[in-house]
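Student: Structure file structure28.csv (CSV, C-alpha atoms) right here:
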chain,number,residue,atom,x,y,z
M,19,MET,CA,163.5,-103.1,41.3
M,20,THR,CA,160.7,-100.5,41.3
M,21,ASP,CA,161.1,-97.4,39.2
M,22,LEU,CA,159.3,-94.7,41.2
M,23,ALA,CA,159.0,-91.1,40.4
M,24,ILE,CA,157.0,-90.4,43.5
M,25,ASP,CA,157.3,-92.3,46.8
M,26,LEU,CA,155.5,-90.8,49.8
M,27,GLN,CA,155.2,-92.9,52.9
M,28,HIS,CA,152.8,-91.7,55.7
M,29,ALA,CA,153.6,-88.0,54.9
M,30,ASP,CA,152.0,-85.2,56.9
M,31,LEU,CA,152.0,-81.5,56.1
M,32,TYR,CA,151.6,-78.7,58.6
M,33,LEU,CA,151.3,-75.0,57.6
M,34,ASP,CA,151.2,-72.3,60.3
M,35,GLY,CA,150.6,-75.0,62.9
M,36,LYS,CA,147.6,-76.5,61.2
M,37,GLN,CA,147.7,-80.0,59.7
M,38,ILE,CA,146.8,-79.8,56.0
M,39,LEU,CA,147.7,-83.4,54.8
M,40,HIS,CA,147.3,-86.5,56.9
M,41,ASP,CA,149.2,-89.8,56.5
M,42,ILE,CA,149.7,-89.5,52.8
M,43,THR,CA,151.1,-92.7,51.1
M,44,LEU,CA,151.4,-92.4,47.4
M,45,GLN,CA,153.6,-94.2,44.9
M,46,VAL,CA,153.7,-93.3,41.2
M,47,GLN,CA,155.8,-95.0,38.6
M,48,HIS,CA,158.0,-93.1,36.1
M,49,GLY,CA,155.8,-92.3,33.1
M,50,GLU,CA,152.6,-93.0,34.9
M,51,CYS,CA,149.6,-90.6,34.5
M,52,ILE,CA,147.2,-90.1,37.4
M,53,ALA,CA,144.4,-87.7,38.3
M,54,LEU,CA,143.6,-86.2,41.7
M,55,LEU,CA,139.9,-85.7,42.5
M,56,GLY,CA,138.2,-84.2,45.5
M,57,PRO,CA,136.2,-81.1,46.6
M,58,SER,CA,137.7,-77.7,47.2
M,59,GLY,CA,139.9,-77.8,50.3
M,60,SER,CA,140.4,-81.5,50.1
M,61,GLY,CA,144.2,-81.1,49.8
M,62,LYS,CA,144.8,-81.5,46.1
M,63,THR,CA,146.8,-78.3,45.7
M,64,SER,CA,148.8,-78.9,48.9
M,65,LEU,CA,149.7,-82.4,47.7
M,66,LEU,CA,150.9,-81.1,44.3
M,67,ARG,CA,153.0,-78.4,46.0
M,68,MET,CA,154.5,-81.0,48.2
M,69,LEU,CA,155.4,-83.1,45.1
M,70,ASN,CA,156.9,-80.0,43.6
M,71,GLY,CA,159.2,-79.7,46.6
M,72,VAL,CA,158.0,-76.2,47.5
M,73,ILE,CA,156.6,-77.1,50.9
M,74,GLY,CA,157.2,-79.9,53.4
M,75,ASP,CA,160.3,-81.6,54.8
M,76,ASP,CA,161.8,-82.8,51.5
M,77,LEU,CA,162.5,-79.4,49.9
M,78,LYS,CA,164.0,-79.8,46.5
M,79,SER,CA,166.8,-77.7,45.1
M,80,ALA,CA,166.3,-75.3,42.2
M,81,GLU,CA,168.1,-77.8,39.9
M,82,GLN,CA,165.8,-80.6,40.9
M,83,ARG,CA,162.7,-78.4,40.4
M,84,SER,CA,163.9,-77.5,36.9
M,85,HIS,CA,162.9,-81.1,36.0
M,86,ILE,CA,159.4,-80.6,37.3
M,87,GLY,CA,156.8,-78.6,35.3
M,88,PHE,CA,154.1,-77.0,37.4
M,89,VAL,CA,150.9,-75.4,36.1
M,90,HIS,CA,149.4,-73.2,38.8
M,91,GLN,CA,145.8,-72.3,39.1
M,92,ASP,CA,146.7,-68.6,39.0
M,93,HIS,CA,148.8,-69.1,35.9
M,94,SER,CA,151.9,-67.4,37.5
M,95,LEU,CA,152.7,-65.5,34.3
M,96,VAL,CA,154.5,-62.2,33.8
M,97,PRO,CA,151.7,-59.9,32.6
M,98,ASN,CA,153.4,-57.1,30.8
M,99,VAL,CA,155.6,-59.1,28.4
M,100,ARG,CA,154.8,-61.1,25.2
M,101,VAL,CA,153.4,-64.6,25.2
M,102,SER,CA,156.6,-65.9,23.6
M,103,ASN,CA,158.7,-64.6,26.5
M,104,ASN,CA,156.4,-66.2,29.1
M,105,VAL,CA,156.7,-69.6,27.3
M,106,LEU,CA,160.5,-69.2,26.9
M,107,MET,CA,160.7,-68.8,30.7
M,108,GLY,CA,159.9,-72.5,31.0
M,109,ARG,CA,163.6,-73.4,30.4
M,110,LEU,CA,165.2,-70.6,32.5
M,111,GLY,CA,165.9,-73.1,35.3
M,112,SER,CA,168.3,-75.1,33.0
M,113,LEU,CA,170.2,-72.1,31.6
M,114,SER,CA,172.9,-69.8,33.0
M,115,PHE,CA,172.1,-66.2,33.8
M,116,TRP,CA,173.6,-64.9,30.5
M,117,GLN,CA,171.9,-67.5,28.4
M,118,SER,CA,168.6,-66.7,30.1
M,119,LEU,CA,169.0,-63.0,29.5
M,120,LYS,CA,169.9,-63.5,25.8
M,121,MET,CA,166.9,-65.8,25.2
M,122,GLN,CA,164.6,-63.2,26.8
M,123,LEU,CA,166.0,-60.2,25.0
M,124,ARG,CA,166.7,-61.7,21.6
M,125,PRO,CA,165.3,-65.2,21.2
M,126,GLY,CA,166.5,-67.1,18.1
M,127,LYS,CA,164.4,-68.3,15.3
M,128,LYS,CA,164.7,-71.9,16.5
M,129,GLU,CA,163.4,-71.1,19.9
M,130,LEU,CA,160.5,-69.0,18.5
M,131,ALA,CA,159.6,-71.8,16.1
M,132,ALA,CA,159.5,-74.3,19.0
M,133,VAL,CA,157.3,-71.9,21.1
M,134,HIS,CA,155.0,-71.4,18.1
M,135,ALA,CA,154.6,-75.1,17.6
M,136,ILE,CA,153.6,-75.6,21.2
M,137,LEU,CA,151.2,-72.7,21.2
M,138,GLU,CA,149.6,-74.3,18.1
M,139,ARG,CA,149.1,-77.5,20.0
M,140,VAL,CA,147.2,-75.6,22.8
M,141,GLY,CA,145.2,-73.6,20.3
M,142,ILE,CA,146.7,-70.0,20.5
M,143,ALA,CA,149.4,-69.9,17.9
M,144,ASP,CA,148.2,-66.5,16.8
M,145,LYS,CA,149.0,-65.0,20.2
M,146,LEU,CA,152.8,-65.5,19.9
M,147,PHE,CA,153.7,-61.9,20.1
M,148,GLU,CA,150.7,-60.6,22.0
M,149,ARG,CA,151.1,-59.0,25.5
M,150,THR,CA,150.1,-61.6,28.0
M,151,ASP,CA,147.9,-59.2,30.0
M,152,SER,CA,145.8,-58.6,26.9
M,153,LEU,CA,144.6,-62.2,26.8
M,154,SER,CA,141.5,-63.7,28.3
M,155,GLY,CA,141.7,-65.9,31.4
M,156,GLY,CA,141.4,-69.1,29.3
M,157,GLU,CA,144.1,-67.9,26.9
M,158,GLN,CA,146.4,-67.1,29.8
M,159,GLN,CA,145.8,-70.6,31.1
M,160,ARG,CA,146.9,-72.1,27.8
M,161,VAL,CA,150.1,-69.9,27.9
M,162,ALA,CA,150.9,-71.4,31.3
M,163,LEU,CA,150.3,-74.9,29.8
M,164,ALA,CA,152.6,-74.1,26.9
M,165,ARG,CA,155.3,-72.8,29.2
M,166,ALA,CA,155.2,-76.1,31.1
M,167,LEU,CA,155.4,-78.1,27.9
M,168,TYR,CA,158.3,-76.0,26.6
M,169,GLN,CA,160.2,-76.9,29.8
M,170,GLU,CA,160.3,-80.5,28.7
M,171,PRO,CA,160.1,-81.7,32.3
M,172,GLN,CA,160.6,-85.3,33.6
M,173,MET,CA,157.4,-84.8,35.7
M,174,LEU,CA,154.4,-82.5,35.0
M,175,LEU,CA,152.2,-81.4,37.8
M,176,ALA,CA,149.0,-79.5,36.9
M,177,ASP,CA,146.6,-77.8,39.4
M,178,GLU,CA,143.2,-77.5,37.8
M,179,PRO,CA,144.8,-76.7,34.4
M,180,VAL,CA,141.5,-76.4,32.5
M,181,ALA,CA,139.3,-74.7,35.1
M,182,SER,CA,139.1,-71.5,32.9
M,183,LEU,CA,138.1,-73.4,29.8
M,184,ASP,CA,134.9,-74.6,28.3
M,185,ALA,CA,134.2,-78.3,28.1
M,186,SER,CA,135.4,-78.7,24.5
M,187,ARG,CA,138.7,-76.9,25.0
M,188,ALA,CA,139.2,-78.5,28.4
M,189,ARG,CA,139.0,-82.0,26.8
M,190,LYS,CA,141.4,-81.0,24.0
M,191,ILE,CA,144.0,-79.6,26.5
M,192,ILE,CA,143.9,-82.7,28.7
M,193,GLU,CA,144.2,-84.8,25.6
M,194,VAL,CA,147.3,-82.8,24.5
M,195,LEU,CA,148.9,-83.0,28.0
M,196,HIS,CA,148.2,-86.7,28.4
M,197,ALA,CA,149.5,-87.5,24.9
M,198,THR,CA,152.6,-85.5,25.4
M,199,ALA,CA,153.3,-87.1,28.7
M,200,HIS,CA,152.9,-90.5,27.1
M,201,GLU,CA,155.1,-89.7,24.1
M,202,GLU,CA,157.8,-88.2,26.2
M,203,ASN,CA,157.5,-90.7,29.1
M,204,TRP,CA,156.8,-87.9,31.6
M,205,THR,CA,155.2,-88.6,34.9
M,206,PHE,CA,151.9,-86.6,34.9
M,207,VAL,CA,149.8,-85.8,38.0
M,208,VAL,CA,146.8,-83.5,37.5
M,209,SER,CA,144.1,-82.3,39.8
M,210,LEU,CA,140.6,-82.0,38.2
M,211,HIS,CA,137.1,-81.2,39.2
M,212,ASP,CA,135.5,-82.9,36.2
M,213,GLU,CA,135.0,-86.6,37.0
M,214,ALA,CA,134.0,-87.5,33.4
M,215,LEU,CA,137.1,-86.0,32.0
M,216,ALA,CA,139.3,-87.7,34.6
M,217,SER,CA,137.7,-91.1,33.9
M,218,GLU,CA,138.2,-90.7,30.1
M,219,PHE,CA,141.9,-90.2,30.2
M,220,PHE,CA,143.2,-91.6,33.6
M,221,PRO,CA,142.8,-95.2,34.5
M,222,ARG,CA,144.2,-94.4,38.0
M,223,ILE,CA,142.2,-91.9,40.1
M,224,VAL,CA,143.4,-90.7,43.6
M,225,ARG,CA,140.6,-89.2,45.7
M,226,LEU,CA,141.2,-86.8,48.6
M,227,GLU,CA,138.9,-85.6,51.3
M,228,GLY,CA,139.9,-83.5,54.3
M,229,GLY,CA,143.6,-83.8,53.5
M,230,ARG,CA,143.5,-87.6,53.3
M,231,ILE,CA,143.7,-90.1,50.5
M,232,VAL,CA,140.4,-91.9,50.7
M,233,SER,CA,140.8,-94.1,47.6
M,234,ASP,CA,143.5,-94.9,45.0
M,235,GLY,CA,142.8,-97.0,42.0
M,236,ALA,CA,140.9,-97.4,38.8
M,237,TYR,CA,137.9,-95.0,38.2
M,238,VAL,CA,134.7,-96.6,39.4
Turn the structure described in the file into structure tokens.

Tutor:
Amino acid sequence: MTDLAIDLQHADLYLDGKQILHDITLQVQHGECIALLGPSGSGKTSLLRMLNGVIGDDLKSAEQRSHIGFVHQDHSLVPNVRVSNNVLMGRLGSLSFWQSLKMQLRPGKKELAAVHAILERVGIADKLFERTDSLSGGEQQRVALARALYQEPQMLLADEPVASLDASRARKIIEVLHATAHEENWTFVVSLHDEALASEFFPRIVRLEGGRIVSDGAYV
């Protein structure tokens, strides 16, 4: 019996009457890590959003989406609060309203220690209590990554998660995400523009062009 985290069969996606994705067939095993490659406008972001259940016919409930971590290109952070609060938001989907409120207003030592450890992994442990809007774009990107890691999802989707980082930091972040996904048995799907980085960490590369999958397999 197959153990699929993702099973798309001949899926199409239309937005505002325009077809964005064409005949997408994609199967991904639980715990598998794959990279999406393709030029701007090829459909990588739309495919990730479809997998997240935000758009398309198979809309996922809030509870289902709480098991999916999503790292957006625009970070999607709350700018005028501390880094710690943004990271803590990673688990709001699994908490009640009052639990969420308490964690945001008065996080416990245990929660803050866990956030600090994750920020250390992504290289910004010293920013724990900084206002998020005081950080550089690259630092904000790492806050978004830390928030997704703190969520402890079953599936992690990342849309160009290292676009704001230099080559050295980008490699380190992908290494951290890949290692965490492997250790926790998360399914990990990431879109990248760096072919060398993709080939180093991902044995399976899915290429898109014009909203279609044009190849799916080992990096060549």

Student: Can you pull out every residue within 12 Å of Val161 (chain M), counting all atoms listed in the file, but drop anything in the same chain fewer than 2 positions away, and send it as a ChimeraX atom specification?

Tutor: /M:89-90,92-97,100-108,133-134,136-151,153-159,163-168,179-180,191

Student: When you draw a straight line from CA of Ile38 (chain M) to CA of Arg230 (chain M), how long is it in Å?

Tutor: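 Here the two named atoms are 8.9 Å from each other.
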
Student: Compare M:Ala216, M:Ile223, M:Ala188, M:Met68 by their minimum atom-to-atom distance to Asp25 (chain M), counting only C-alpha atoms, and give me the closest one.

Tutor: M:Met68

Student: Using all atoms listed in the file, which residue out of M:Gln37, M:Pro221, M:Ser209, M:Asp234 lies closest to Ser58 (chain M)?

Tutor: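 For Ser58 (chain M), the nearest of the candidates is M:Ser209.
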
Student: Point out the residue among M:Asn203, M:His211, M:Asp30, M:Thr43 with the least atom-to-atom distance to Ala181 (chain M), counting only C-alpha atoms.

Tutor: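 Ranked by minimum distance to Ala181 (chain M), first place goes to M:His211.
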
Student: Looking at M:Leu130, M:Ile192, M:Ile231, M:Leu175, which one is nearest to Thr63 (chain M), with distances taken over all atoms listed in the file?

Tutor: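 Nearest to Thr63 (chain M): M:Leu175.
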
Student: Would you compute the distance between CA of Arg225 (chain M) and CA of Ile42 (chain M)? Give it in Å to one decimal.

Tutor: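 Taking CA of Arg225 (chain M) as the start and CA of Ile42 (chain M) as the end point, the length is 11.5 Å.
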
Student: Which residue gives the smallest distance to Ala199 (chain M) among M:Leu65, M:Cys51, M:Ile86, M:Val99, with only C-alpha atoms counted?

Tutor: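 Answer, going by the shortest atom-to-atom distance: M:Cys51.
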
Student: For Gln47 (chain M), which residue among M:Gly71, M:Ser217, M:Leu226, M:Leu22 is the nearest when counting all atoms listed in the file?

Tutor: M:Leu22

Student: Between CA of Val224 (chain M) and CA of Gln45 (chain M), what distance in Å does the model show, to one decimal?

Tutor: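 Atom-to-atom, CA of Val224 (chain M) to CA of Gln45 (chain M), that is 10.9 Å.
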